[in-house]
file protein-v8.txt (compact mmCIF, C-alpha atoms)
# COMPACT_ATOMS: atom_id res chain seq x y z
CA MET A 21 -41.12 6.45 -80.12
CA ASN A 22 -43.95 6.72 -77.76
CA THR A 23 -43.31 3.38 -76.24
CA SER A 24 -39.65 4.06 -75.84
CA GLY A 25 -40.46 7.40 -74.24
CA GLY A 26 -42.92 5.69 -71.99
CA GLY A 27 -40.27 3.11 -71.15
CA GLY A 28 -37.85 5.86 -70.28
CA HIS A 29 -40.42 7.38 -68.05
CA LYS A 30 -40.99 4.02 -66.37
CA LYS A 31 -37.27 3.62 -65.67
CA ASP A 32 -37.10 7.05 -64.09
CA LYS A 33 -39.90 6.12 -61.78
CA LYS A 34 -38.07 2.94 -60.72
CA VAL A 35 -34.87 4.87 -59.86
CA ARG A 36 -36.78 7.37 -57.83
CA GLY A 37 -38.41 4.53 -55.95
CA LYS A 38 -35.02 3.00 -55.05
CA LYS A 39 -33.67 6.31 -53.66
CA MET A 40 -32.27 5.66 -50.22
CA SER A 41 -33.73 7.33 -47.20
CA THR A 42 -31.43 9.95 -45.64
CA ARG A 43 -31.82 8.42 -42.16
CA VAL A 44 -28.82 6.32 -41.22
CA ASP A 45 -29.29 3.26 -39.10
CA LEU A 46 -27.68 4.16 -35.76
CA THR A 47 -28.10 0.80 -34.09
CA PRO A 48 -24.54 -0.55 -34.63
CA MET A 49 -23.03 2.71 -33.42
CA VAL A 50 -25.12 2.71 -30.30
CA ASP A 51 -24.22 -0.94 -29.72
CA LEU A 52 -20.59 -0.06 -29.96
CA GLY A 53 -21.14 2.88 -27.64
CA PHE A 54 -22.66 0.69 -24.96
CA LEU A 55 -19.94 -1.86 -25.38
CA LEU A 56 -17.35 0.82 -24.75
CA ILE A 57 -19.27 2.13 -21.74
CA THR A 58 -19.31 -1.33 -20.25
CA PHE A 59 -15.61 -1.72 -20.90
CA PHE A 60 -14.63 1.56 -19.31
CA MET A 61 -16.92 1.04 -16.37
CA LEU A 62 -15.27 -2.26 -15.63
CA ALA A 63 -11.77 -0.92 -16.20
CA THR A 64 -12.23 2.07 -13.91
CA THR A 65 -10.89 1.70 -10.42
CA PHE A 66 -13.54 3.49 -8.48
CA ASN A 67 -12.69 3.24 -4.87
CA LYS A 68 -9.20 4.49 -4.81
CA PRO A 69 -7.20 2.97 -1.97
CA LYS A 70 -6.59 5.17 1.03
CA THR A 71 -3.42 5.60 2.95
CA MET A 72 -2.59 5.57 6.58
CA GLU A 73 0.23 7.83 7.61
CA VAL A 74 2.84 6.47 9.94
CA ASN A 75 5.42 8.62 11.63
CA LYS A 76 8.29 6.89 13.28
CA PRO A 77 10.54 8.78 15.63
CA ALA A 78 13.90 9.57 14.12
CA LYS A 79 16.61 7.27 15.38
CA ASP A 80 18.37 10.03 17.30
CA ASP A 81 15.12 11.01 18.96
CA ILE A 82 14.57 7.62 20.48
CA LYS A 83 17.40 8.05 22.93
CA LYS A 84 16.20 11.47 23.98
CA GLU A 85 12.74 10.16 24.53
CA GLU A 86 13.98 7.48 26.82
CA GLU A 87 15.59 9.91 29.20
CA PRO A 88 12.48 10.92 31.07
CA PRO A 89 10.78 7.56 31.36
CA ILE A 90 7.04 7.54 31.07
CA LYS A 91 5.17 6.42 34.14
CA MET A 92 4.16 2.87 33.45
CA SER A 93 0.74 3.53 34.89
CA LYS A 94 0.11 5.84 31.96
CA THR A 95 0.83 3.13 29.46
CA ALA A 96 -0.77 0.13 27.93
CA THR A 97 1.14 -2.52 26.05
CA LEU A 98 -0.30 -4.52 23.21
CA MET A 99 1.57 -7.52 21.93
CA LEU A 100 0.24 -8.70 18.62
CA GLY A 101 0.34 -12.45 18.74
CA LYS A 102 -0.57 -15.30 16.48
CA GLY A 103 -4.09 -16.21 15.46
CA ASP A 104 -5.37 -12.62 15.60
CA LYS A 105 -4.89 -12.41 19.36
CA ILE A 106 -3.54 -9.48 21.30
CA TYR A 107 -1.85 -9.87 24.63
CA ALA A 108 -2.55 -6.68 26.50
CA TYR A 109 -1.08 -5.73 29.82
CA VAL A 110 -0.24 -2.73 31.95
CA SER A 111 3.16 -2.74 33.61
CA PRO A 112 3.13 -1.59 37.20
CA ASP A 113 5.25 1.47 38.08
CA GLU A 114 7.48 -0.56 40.30
CA ILE A 115 7.92 -4.25 40.29
CA ASP A 116 8.26 -5.99 43.64
CA GLU A 117 7.46 -9.42 44.95
CA THR A 118 3.80 -8.76 45.43
CA THR A 119 3.32 -7.47 41.90
CA GLN A 120 0.59 -9.21 40.01
CA LEU A 121 0.49 -8.69 36.30
CA GLN A 122 -2.87 -8.86 34.68
CA LEU A 123 -2.55 -10.15 31.18
CA ASP A 124 -5.56 -10.01 28.91
CA SER A 125 -5.89 -11.95 25.74
CA ILE A 126 -8.15 -9.96 23.47
CA ASP A 127 -9.09 -9.86 19.81
CA TYR A 128 -9.38 -7.06 17.25
CA SER A 129 -13.14 -6.74 17.44
CA PRO A 130 -14.83 -3.63 18.87
CA THR A 131 -15.61 -5.58 22.02
CA GLY A 132 -11.99 -6.62 22.41
CA LEU A 133 -9.34 -4.08 21.60
CA ARG A 134 -11.61 -1.06 21.55
CA LYS A 135 -13.06 -1.89 24.97
CA PHE A 136 -9.58 -2.38 26.38
CA ILE A 137 -8.34 0.96 25.06
CA GLN A 138 -11.40 2.78 26.30
CA ARG A 139 -11.05 1.17 29.73
CA ARG A 140 -7.43 2.28 29.89
CA GLN A 141 -8.37 5.77 28.79
CA ASN A 142 -10.87 5.97 31.62
CA GLU A 143 -8.36 4.65 34.12
CA VAL A 144 -5.74 7.17 33.02
CA GLN A 145 -8.37 9.88 33.15
CA ALA A 146 -9.23 8.92 36.72
CA GLN A 147 -5.60 8.69 37.85
CA TRP A 148 -3.98 11.54 35.95
CA GLY A 149 -6.86 13.75 34.96
CA ASN A 150 -6.27 13.60 31.22
CA LYS A 151 -7.05 10.65 29.05
CA ASP A 152 -4.70 11.88 26.35
CA ASP A 153 -1.81 10.98 28.63
CA LEU A 154 -2.33 7.34 27.72
CA PHE A 155 0.66 5.98 25.87
CA VAL A 156 0.02 2.80 23.93
CA MET A 157 2.96 0.62 23.03
CA ILE A 158 2.27 -1.65 20.10
CA LYS A 159 4.70 -4.52 20.00
CA PRO A 160 4.28 -6.79 17.01
CA LEU A 161 5.92 -10.18 17.12
CA PRO A 162 7.84 -11.10 13.96
CA SER A 163 5.11 -13.46 12.89
CA SER A 164 2.18 -11.10 13.35
CA SER A 165 0.52 -10.24 10.09
CA PHE A 166 0.46 -6.85 8.45
CA LYS A 167 -3.31 -6.77 8.86
CA ASN A 168 -2.88 -6.96 12.63
CA ILE A 169 -0.64 -3.91 12.64
CA VAL A 170 -2.99 -1.92 10.46
CA ASP A 171 -5.93 -2.93 12.65
CA ALA A 172 -4.11 -1.94 15.81
CA LEU A 173 -3.05 1.41 14.36
CA ASP A 174 -6.54 1.96 13.08
CA GLU A 175 -7.97 1.39 16.52
CA MET A 176 -5.69 4.13 17.83
CA THR A 177 -7.22 6.56 15.36
CA ILE A 178 -10.75 5.43 16.12
CA ASN A 179 -10.28 5.89 19.87
CA ASP A 180 -8.35 9.09 19.41
CA VAL A 181 -5.29 7.89 21.25
CA LYS A 182 -2.83 10.75 20.99
CA ARG A 183 0.35 8.91 21.83
CA TYR A 184 1.28 5.52 20.53
CA ALA A 185 4.31 3.85 19.06
CA ILE A 186 5.35 0.68 17.35
CA LEU A 187 8.15 -0.78 19.41
CA GLU A 188 10.28 -3.86 19.61
CA PRO A 189 9.25 -6.29 22.29
CA ASN A 190 12.05 -5.35 24.67
CA ASP A 191 10.59 -5.78 28.13
CA PRO A 192 11.40 -8.95 30.10
CA ILE A 193 7.65 -9.34 30.47
CA ASP A 194 7.39 -9.42 26.69
CA SER A 195 9.77 -12.32 26.37
CA LEU A 196 7.82 -14.18 28.99
CA ILE A 197 4.58 -13.67 27.12
CA ALA A 198 6.16 -14.51 23.79
CA MET A 199 7.54 -17.70 25.27
CA ARG A 200 4.19 -18.58 26.77
CA ALA A 201 2.54 -17.95 23.42
CA GLY A 202 5.04 -20.29 21.81
CA GLN A 203 6.68 -17.65 19.67
CA SER A 204 10.20 -16.43 19.61
CA ARG A 205 10.82 -12.77 20.15
CA LYS A 206 13.34 -12.47 17.37
CA MET B 7 -31.01 8.15 -24.47
CA CYS B 8 -28.14 7.80 -26.88
CA ASP B 9 -26.96 11.27 -25.97
CA VAL B 10 -26.83 10.31 -22.33
CA ALA B 11 -25.08 7.07 -23.17
CA PHE B 12 -22.39 8.86 -25.11
CA LEU B 13 -22.03 11.45 -22.39
CA LEU B 14 -21.41 8.60 -19.96
CA LEU B 15 -18.96 7.08 -22.37
CA THR B 16 -17.01 10.33 -22.58
CA PHE B 17 -17.03 10.60 -18.81
CA PHE B 18 -15.64 7.12 -18.34
CA ILE B 19 -13.02 7.55 -21.04
CA LEU B 20 -11.79 10.75 -19.45
CA THR B 21 -11.78 9.52 -15.87
CA THR B 22 -10.35 6.06 -16.42
CA LYS B 23 -6.92 5.47 -15.07
CA PHE B 24 -5.87 2.02 -15.95
CA ARG B 25 -4.93 -0.40 -13.29
CA PRO B 26 -1.18 -0.72 -13.34
CA GLN B 27 -0.02 -4.18 -14.18
CA GLU B 28 0.63 -6.21 -11.10
CA VAL B 29 3.76 -8.22 -10.62
CA VAL B 30 2.21 -9.98 -7.70
CA ALA B 31 -1.31 -10.10 -6.35
CA ILE B 32 -1.61 -8.15 -3.13
CA ASP B 33 -4.68 -8.18 -0.95
CA ILE B 34 -4.51 -5.00 1.11
CA PRO B 35 -6.00 -4.70 4.58
CA ALA B 36 -8.82 -2.28 5.34
CA SER B 37 -8.72 0.69 7.66
CA THR B 38 -10.79 3.74 8.48
CA ALA B 39 -8.08 6.08 7.17
CA GLN B 40 -9.52 8.67 4.83
CA ILE B 41 -6.47 10.19 3.17
CA PRO B 42 -6.43 9.45 -0.56
CA ILE B 43 -3.15 8.46 -2.16
CA PRO B 44 -1.49 11.43 -3.85
CA ASP B 45 -1.45 11.11 -7.63
CA ARG B 46 2.17 11.94 -8.26
CA ASP B 47 5.63 11.62 -6.76
CA ILE B 48 5.16 8.18 -5.31
CA MET B 49 7.76 5.62 -4.43
CA LEU B 50 5.88 2.40 -3.91
CA PHE B 51 7.13 -0.65 -2.09
CA GLN B 52 5.02 -3.73 -2.41
CA ILE B 53 5.41 -6.65 -0.06
CA ALA B 54 3.99 -9.96 -1.21
CA PRO B 55 2.57 -12.51 1.25
CA ASP B 56 5.78 -14.51 1.04
CA GLY B 57 7.88 -11.49 1.97
CA LYS B 58 9.25 -10.60 -1.47
CA VAL B 59 9.63 -6.86 -1.84
CA PHE B 60 8.99 -5.01 -5.09
CA PHE B 61 9.84 -1.47 -5.98
CA GLY B 62 8.20 1.06 -8.25
CA LEU B 63 8.38 4.73 -9.16
CA ASP B 64 5.46 6.45 -10.82
CA ASP B 65 7.33 8.94 -12.96
CA GLN B 66 9.33 7.88 -16.01
CA ASN B 67 11.87 10.68 -15.75
CA THR B 68 12.58 9.83 -12.14
CA ARG B 69 13.02 6.21 -13.17
CA LEU B 70 15.64 7.21 -15.74
CA LYS B 71 17.49 9.39 -13.27
CA LEU B 72 17.46 6.53 -10.78
CA LEU B 73 18.79 4.14 -13.38
CA ASP B 74 21.66 6.50 -14.21
CA LYS B 75 22.66 6.64 -10.59
CA LEU B 76 22.31 2.89 -10.18
CA SER B 77 24.35 2.08 -13.24
CA ALA B 78 27.10 4.40 -12.03
CA ASP B 79 27.13 2.93 -8.56
CA TYR B 80 26.78 -0.74 -9.49
CA SER B 81 28.77 -0.34 -12.72
CA LEU B 82 26.07 -1.72 -14.96
CA ALA B 83 26.74 -1.09 -18.64
CA LEU B 84 23.35 -0.39 -20.13
CA SER B 85 22.35 0.09 -23.74
CA GLU B 86 19.72 2.58 -24.87
CA ASP B 87 17.26 -0.28 -25.36
CA GLN B 88 17.73 -1.42 -21.81
CA LYS B 89 17.25 2.08 -20.49
CA ASP B 90 14.10 2.40 -22.49
CA ALA B 91 12.85 -0.89 -21.10
CA PHE B 92 13.52 0.36 -17.58
CA ARG B 93 11.68 3.59 -18.30
CA THR B 94 8.46 1.68 -18.87
CA LEU B 95 8.98 -0.76 -16.01
CA GLU B 96 6.26 -0.10 -13.45
CA THR B 97 7.32 -2.45 -10.71
CA TRP B 98 10.26 -4.71 -10.28
CA GLY B 99 11.92 -6.73 -7.59
CA MET B 100 15.29 -8.36 -8.03
CA ASP B 101 18.92 -7.93 -7.23
CA ILE B 102 20.12 -4.70 -8.84
CA ARG B 103 22.97 -6.54 -10.52
CA SER B 104 20.58 -8.84 -12.34
CA LEU B 105 18.64 -5.92 -13.82
CA PRO B 106 20.47 -5.76 -17.19
CA ALA B 107 19.70 -9.39 -17.97
CA PHE B 108 16.06 -8.82 -17.07
CA LEU B 109 15.85 -5.72 -19.26
CA ASP B 110 17.18 -7.70 -22.20
CA LEU B 111 14.13 -9.95 -22.23
CA GLU B 112 11.33 -9.45 -24.70
CA PRO B 113 8.52 -7.27 -23.27
CA GLY B 114 6.17 -10.23 -23.15
CA ALA B 115 8.68 -12.45 -21.39
CA ARG B 116 9.50 -9.65 -18.96
CA ALA B 117 5.91 -9.51 -17.74
CA THR B 118 5.82 -13.18 -16.92
CA ALA B 119 9.41 -13.79 -15.81
CA PRO B 120 9.54 -14.71 -12.12
CA GLN B 121 11.09 -12.00 -9.98
CA PRO B 122 12.87 -12.96 -6.77
CA GLY B 123 12.19 -9.70 -4.91
CA LEU B 124 14.67 -7.04 -3.88
CA THR B 125 17.76 -8.12 -2.03
CA MET B 126 16.90 -7.18 1.53
CA ASP B 127 19.75 -8.63 3.53
CA THR B 128 22.69 -6.38 4.14
CA LEU B 129 25.44 -8.97 4.33
CA GLY B 130 28.83 -7.83 3.14
CA GLY B 131 28.00 -4.12 3.06
CA ASN B 132 25.18 -4.76 0.65
CA HIS B 133 22.58 -2.02 1.07
CA GLN B 134 20.55 -2.29 -2.10
CA VAL B 135 17.24 -1.12 -0.72
CA GLU B 136 18.85 1.78 1.07
CA ASP B 137 20.60 2.73 -2.15
CA LEU B 138 17.30 2.64 -4.03
CA ILE B 139 15.72 4.92 -1.46
CA LEU B 140 18.66 7.31 -1.44
CA PHE B 141 19.05 7.52 -5.23
CA SER B 142 15.34 7.88 -5.89
CA ARG B 143 15.10 10.69 -3.42
CA GLN B 144 18.10 12.35 -5.01
CA ALA B 145 16.34 12.06 -8.36
CA ASN B 146 13.14 13.56 -7.01
CA ASN B 147 13.18 15.18 -3.61
CA ALA B 148 9.41 15.42 -3.34
CA LEU B 149 8.89 11.65 -3.41
CA ARG B 150 6.49 10.24 -0.89
CA ILE B 151 6.93 6.71 0.27
CA ALA B 152 4.02 4.33 0.17
CA ILE B 153 4.03 0.75 1.34
CA LYS B 154 1.53 -1.70 0.01
CA ALA B 155 1.66 -4.96 1.84
CA ASP B 156 -0.53 -8.00 1.82
CA LYS B 157 -2.79 -8.70 4.79
CA THR B 158 -0.92 -11.86 5.59
CA THR B 159 2.60 -10.50 5.21
CA GLU B 160 4.53 -11.19 8.38
CA TYR B 161 5.79 -8.29 10.44
CA ARG B 162 9.42 -9.40 10.11
CA ASN B 163 9.35 -8.61 6.38
CA PHE B 164 7.69 -5.27 6.95
CA ASP B 165 10.18 -4.48 9.70
CA LYS B 166 13.20 -5.06 7.43
CA LEU B 167 11.89 -2.49 5.00
CA ILE B 168 11.11 0.01 7.75
CA LYS B 169 14.61 -0.38 9.13
CA ALA B 170 16.08 0.31 5.70
CA LEU B 171 13.89 3.40 5.38
CA GLN B 172 14.88 4.64 8.81
CA ASN B 173 18.53 4.12 8.05
CA ARG B 174 17.96 6.56 5.20
CA LYS B 175 16.21 8.95 7.61
CA VAL B 176 12.78 8.36 6.20
CA ASN B 177 10.53 8.37 9.22
CA LYS B 178 7.27 9.17 7.54
CA PHE B 179 5.54 6.84 5.18
CA ASN B 180 2.10 5.79 4.06
CA LEU B 181 0.54 2.38 4.39
CA ILE B 182 -1.91 1.67 1.63
CA THR B 183 -5.22 0.31 2.81
CA SER B 184 -8.69 0.02 1.44
CA ALA B 185 -11.48 2.04 2.99
CA ARG B 186 -13.96 0.62 5.45
CA SER B 187 -16.39 2.07 7.89
CA LYS B 188 -15.87 2.09 11.61
CA ARG B 189 -17.12 -1.19 12.92
CA GLU B 190 -19.60 -1.05 15.76
call {"tool": "encode", "arguments": {"input": "protein-v8.txt", "output": "structure tokens"}}
result
Amino acid sequence: MNTSGGGGHKKDKKVRGKKMSTRVDLTPMVDLGFLLITFFMLATTFNKPKTMEVNKPAKDDIKKEEEPPIKMSKTATLMLGKGDKIYAYVSPDEIDETTQLQLDSIDYSPTGLRKFIQRRQNEVQAQWGNKDDLFVMIKPLPSSSFKNIVDALDEMTINDVKRYAILEPNDPIDSLIAMRAGQSRK
Amino acid sequence: MCDVAFLLLTFFILTTKFRPQEVVAIDIPASTAQIPIPDRDIMLFQIAPDGKVFFGLDDQNTRLKLLDKLSADYSLALSEDQKDAFRTLETWGMDIRSLPAFLDLEPGARATAPQPGLTMDTLGGNHQVEDLILFSRQANNALRIAIKADKTTEYRNFDKLIKALQNRKVNKFNLITSARSKRE
């Protein structure tokens, strides 16, 4: 009897010894947590793209705008050519036989396009007293890339050009330049 | 530490907006523009480097309304399954008349099927893009138009789309660019 009782006592002791600890191992859960963090971090699109607003004149407005022609000396024309080149020129107010057209071939860097715009702003300021009078005509050729257009428009914002437009290359000078640059106008 | 980790996890789960599936890879140019894209009411045109144009609406109800108008105008007979497939279609670019066949494909096949781009030319009184613009705007008048074009897309392709937009009296649109700082 005694031995059996002692045995029973021994068994009880063994069970108590096997009793699990109440602390749960958290490692796998934390692992999973970090895995998920990594996943969501990679899946998140952090820098949301920005947009650039473009306002085109309504078709009916274009005709009205053409009625009082802008003085050419207030303008600057940028033709966006191939190979990230811009052909920039300023049309004279009146063309006669002595007219010399100065055509610059510039690039999109701050020393190219930005310098040109700033120079024109200063010239307009000197001649007309207000640099905001500058009207920039951006004329992309059909083969210019979308990046060129965005860059050109962006430069207008950077230099705070108040008036600019995207136009068709419609001037006879434009066709001449396009031909020289080996590109068709259409 | 674990608390912080799980806080982070919650944050990421709540803020994640999954990248929409892309029909075509488009590498957008950078600009200094700071205006973020609005979250809703977007009509998105995507122009691939080769000039293919794709179309997408962000809202599923607007998509359905557009499809109703399209099927009436182009006399497409569409089943409920096809309509449902269109409802979940983020971006597509093909002739409107070939839409039903495309919607019949299995979802997996639809994602990989080559898409020829929207029909841009207007030969024979064919004004598909203009119709899309008109009908979408009828479906949701607050739609804003965004254009996402690849850096290398030629201006002629961009110009075609702009002309179509202007023919529908849309003179204001957004070009999607990535942010960059002013270069010195």
call {"tool": "atom_distance", "arguments": {"input": "protein-v8.txt", "atom1": "atom CA of Arg103 of chain B", "atom2": "atom CA of Leu63 of chain B"}}
result
18.5 Å
call {"tool": "closest_atom_pairs", "arguments": {"input": "protein-v8.txt", "of": "chain A", "to": "chain B", "cutoff": "9 Å", "atoms": "all atoms listed in the file", "output": "JSON lines"}}
result
{"residue": "A:Val50", "atom": "CA", "partner": "B:Cys8", "partner_atom": "CA", "distance": 6.8}
{"residue": "A:Gly53", "atom": "CA", "partner": "B:Phe12", "partner_atom": "CA", "distance": 6.6}
{"residue": "A:Phe54", "atom": "CA", "partner": "B:Ala11", "partner_atom": "CA", "distance": 7.1}
{"residue": "A:Leu56", "atom": "CA", "partner": "B:Leu15", "partner_atom": "CA", "distance": 6.9}
{"residue": "A:Ile57", "atom": "CA", "partner": "B:Leu15", "partner_atom": "CA", "distance": 5.0}
{"residue": "A:Thr58", "atom": "CA", "partner": "B:Leu15", "partner_atom": "CA", "distance": 8.7}
{"residue": "A:Phe60", "atom": "CA", "partner": "B:Phe18", "partner_atom": "CA", "distance": 5.7}
{"residue": "A:Met61", "atom": "CA", "partner": "B:Phe18", "partner_atom": "CA", "distance": 6.5}
{"residue": "A:Ala63", "atom": "CA", "partner": "B:Phe24", "partner_atom": "CA", "distance": 6.6}
{"residue": "A:Thr64", "atom": "CA", "partner": "B:Thr22", "partner_atom": "CA", "distance": 5.1}
{"residue": "A:Thr65", "atom": "CA", "partner": "B:Arg25", "partner_atom": "CA", "distance": 6.9}
{"residue": "A:Phe66", "atom": "CA", "partner": "B:Thr22", "partner_atom": "CA", "distance": 8.9}
{"residue": "A:Asn67", "atom": "CA", "partner": "B:Ala185", "partner_atom": "CA", "distance": 8.0}
{"residue": "A:Lys68", "atom": "CA", "partner": "B:Pro42", "partner_atom": "CA", "distance": 7.1}
{"residue": "A:Pro69", "atom": "CA", "partner": "B:Ser184", "partner_atom": "CA", "distance": 4.7}
{"residue": "A:Lys70", "atom": "CA", "partner": "B:Pro42", "partner_atom": "CA", "distance": 4.6}
{"residue": "A:Thr71", "atom": "CA", "partner": "B:Ile182", "partner_atom": "CA", "distance": 4.4}
{"residue": "A:Met72", "atom": "CA", "partner": "B:Leu181", "partner_atom": "CA", "distance": 5.0}
{"residue": "A:Glu73", "atom": "CA", "partner": "B:Asn180", "partner_atom": "CA", "distance": 4.5}
{"residue": "A:Val74", "atom": "CA", "partner": "B:Phe179", "partner_atom": "CA", "distance": 5.5}
{"residue": "A:Asn75", "atom": "CA", "partner": "B:Lys178", "partner_atom": "CA", "distance": 4.5}
{"residue": "A:Lys76", "atom": "CA", "partner": "B:Asn177", "partner_atom": "CA", "distance": 4.9}
{"residue": "A:Pro77", "atom": "CA", "partner": "B:Asn177", "partner_atom": "CA", "distance": 6.4}
{"residue": "A:Ala78", "atom": "CA", "partner": "B:Asn177", "partner_atom": "CA", "distance": 6.1}
{"residue": "A:Lys79", "atom": "CA", "partner": "B:Gln172", "partner_atom": "CA", "distance": 7.3}
{"residue": "A:Ser129", "atom": "CA", "partner": "B:Arg189", "partner_atom": "CA", "distance": 8.2}
{"residue": "A:Pro130", "atom": "CA", "partner": "B:Glu190", "partner_atom": "CA", "distance": 6.3}
{"residue": "A:Thr131", "atom": "CA", "partner": "B:Glu190", "partner_atom": "CA", "distance": 8.7}
{"residue": "A:Pro160", "atom": "CA", "partner": "B:Tyr161", "partner_atom": "CA", "distance": 6.9}
{"residue": "A:Leu161", "atom": "CA", "partner": "B:Tyr161", "partner_atom": "CA", "distance": 6.9}
{"residue": "A:Pro162", "atom": "CA", "partner": "B:Arg162", "partner_atom": "CA", "distance": 4.5}
{"residue": "A:Ser163", "atom": "CA", "partner": "B:Glu160", "partner_atom": "CA", "distance": 5.1}
{"residue": "A:Ser164", "atom": "CA", "partner": "B:Tyr161", "partner_atom": "CA", "distance": 5.4}
{"residue": "A:Ser165", "atom": "CA", "partner": "B:Glu160", "partner_atom": "CA", "distance": 4.5}
{"residue": "A:Phe166", "atom": "CA", "partner": "B:Lys157", "partner_atom": "CA", "distance": 5.2}
{"residue": "A:Lys167", "atom": "CA", "partner": "B:Lys157", "partner_atom": "CA", "distance": 4.5}
{"residue": "A:Asn168", "atom": "CA", "partner": "B:Lys157", "partner_atom": "CA", "distance": 8.0}
{"residue": "A:Ile169", "atom": "CA", "partner": "B:Tyr161", "partner_atom": "CA", "distance": 8.1}
{"residue": "A:Val170", "atom": "CA", "partner": "B:Ser37", "partner_atom": "CA", "distance": 6.9}
{"residue": "A:Asp171", "atom": "CA", "partner": "B:Ser37", "partner_atom": "CA", "distance": 6.8}
{"residue": "A:Leu173", "atom": "CA", "partner": "B:Ser37", "partner_atom": "CA", "distance": 8.8}
{"residue": "A:Asp174", "atom": "CA", "partner": "B:Ser37", "partner_atom": "CA", "distance": 6.0}
{"residue": "A:Glu175", "atom": "CA", "partner": "B:Thr38", "partner_atom": "CA", "distance": 8.8}
{"residue": "A:Thr177", "atom": "CA", "partner": "B:Thr38", "partner_atom": "CA", "distance": 8.2}
{"residue": "A:Ile178", "atom": "CA", "partner": "B:Lys188", "partner_atom": "CA", "distance": 7.6}
{"residue": "A:Lys206", "atom": "CA", "partner": "B:Arg162", "partner_atom": "CA", "distance": 8.8}
call {"tool": "residues_around", "arguments": {"input": "protein-v8.txt", "residues": "Ile158 of chain A", "least_positions_apart": "5", "cutoff": "10 Å", "atoms": "all atoms listed in the file", "output": "mmCIF file with C-alpha atoms, in the frame of the given file"}}
result
data_model
loop_
_atom_site.group_PDB
_atom_site.id
_atom_site.type_symbol
_atom_site.label_atom_id
_atom_site.label_comp_id
_atom_site.auth_asym_id
_atom_site.auth_seq_id
_atom_site.Cartn_x
_atom_site.Cartn_y
_atom_site.Cartn_z
ATOM 1 C CA ALA A 96 -0.770 0.130 27.930
ATOM 2 C CA THR A 97 1.140 -2.520 26.050
ATOM 3 C CA LEU A 98 -0.300 -4.520 23.210
ATOM 4 C CA MET A 99 1.570 -7.520 21.930
ATOM 5 C CA LEU A 100 0.240 -8.700 18.620
ATOM 6 C CA ILE A 106 -3.540 -9.480 21.300
ATOM 7 C CA ALA A 108 -2.550 -6.680 26.500
ATOM 8 C CA ILE A 169 -0.640 -3.910 12.640
ATOM 9 C CA ALA A 172 -4.110 -1.940 15.810
ATOM 10 C CA LEU A 173 -3.050 1.410 14.360
ATOM 11 C CA TYR A 184 1.280 5.520 20.530
ATOM 12 C CA ALA A 185 4.310 3.850 19.060
ATOM 13 C CA ILE A 186 5.350 0.680 17.350
ATOM 14 C CA LEU A 187 8.150 -0.780 19.410
ATOM 15 C CA GLU A 188 10.280 -3.860 19.610
ATOM 16 C CA PRO A 189 9.250 -6.290 22.290
#
call {"tool": "atom_distance", "arguments": {"input": "protein-v8.txt", "atom1": "atom CA of Ser187 of chain B", "atom2": "atom CA of Val156 of chain A"}}
result
23.0 Å
call {"tool": "closest_residue", "arguments": {"input": "protein-v8.txt", "among": "A:Thr95, A:Ile193, A:Gln141, A:Met176", "to": "Gln120 of chain A", "atoms": "all atoms listed in the file"}}
result
A:Ile193
call {"tool": "atom_distance", "arguments": {"input": "protein-v8.txt", "atom1": "atom CA of Ala78 of chain B", "atom2": "atom CA of Asp65 of chain B"}}
result
20.3 Å
call {"tool": "closest_residue", "arguments": {"input": "protein-v8.txt", "among": "A:Leu196, A:Met49, A:Leu62, A:Ile126", "to": "Lys102 of chain A", "atoms": "all atoms listed in the file"}}
result
A:Ile126
call {"tool": "closest_residue", "arguments": {"input": "protein-v8.txt", "among": "A:Arg140, A:Met157, A:Lys135, A:Tyr107", "to": "Ala198 of chain A", "atoms": "only C-alpha atoms"}}
result
A:Tyr107
call {"tool": "residues_around", "arguments": {"input": "protein-v8.txt", "residues": "segment 124-139 of chain B", "least_positions_apart": "4", "cutoff": "8 Å", "atoms": "only C-alpha atoms", "output": "list in words"}}
result
Lys58, Val59, Phe60, Phe61, Leu72, Leu76, Gly99, Met100, Asp101, Ile102, Arg143, Lys166, Leu167, Ala170, Leu171, Asn173 and Arg174 of chain B
call {"tool": "residues_near_point", "arguments": {"input": "protein-v8.txt", "point": "(13.5, -5.2, -20.9)", "cutoff": "12 Å", "atoms": "all atoms listed in the file", "output": "ChimeraX atom specification"}}
result
/B:84-96,98,104-119
call {"tool": "write_last_selection", "arguments": {"input": "protein-v8.txt", "atoms": "C-alpha atoms", "output": "short mmCIF file (atom, residue, chain, number, x, y, z; two decimals), in the coordinates of the input"}}
result
data_model
loop_
_atom_site.label_atom_id
_atom_site.label_comp_id
_atom_site.auth_asym_id
_atom_site.auth_seq_id
_atom_site.Cartn_x
_atom_site.Cartn_y
_atom_site.Cartn_z
CA LEU B 84 23.35 -0.39 -20.13
CA SER B 85 22.35 0.09 -23.74
CA GLU B 86 19.72 2.58 -24.87
CA ASP B 87 17.26 -0.28 -25.36
CA GLN B 88 17.73 -1.42 -21.81
CA LYS B 89 17.25 2.08 -20.49
CA ASP B 90 14.10 2.40 -22.49
CA ALA B 91 12.85 -0.89 -21.10
CA PHE B 92 13.52 0.36 -17.58
CA ARG B 93 11.68 3.59 -18.30
CA THR B 94 8.46 1.68 -18.87
CA LEU B 95 8.98 -0.76 -16.01
CA GLU B 96 6.26 -0.10 -13.45
CA TRP B 98 10.26 -4.71 -10.28
CA SER B 104 20.58 -8.84 -12.34
CA LEU B 105 18.64 -5.92 -13.82
CA PRO B 106 20.47 -5.76 -17.19
CA ALA B 107 19.70 -9.39 -17.97
CA PHE B 108 16.06 -8.82 -17.07
CA LEU B 109 15.85 -5.72 -19.26
CA ASP B 110 17.18 -7.70 -22.20
CA LEU B 111 14.13 -9.95 -22.23
CA GLU B 112 11.33 -9.45 -24.70
CA PRO B 113 8.52 -7.27 -23.27
CA GLY B 114 6.17 -10.23 -23.15
CA ALA B 115 8.68 -12.45 -21.39
CA ARG B 116 9.50 -9.65 -18.96
CA ALA B 117 5.91 -9.51 -17.74
CA THR B 118 5.82 -13.18 -16.92
CA ALA B 119 9.41 -13.79 -15.81
#
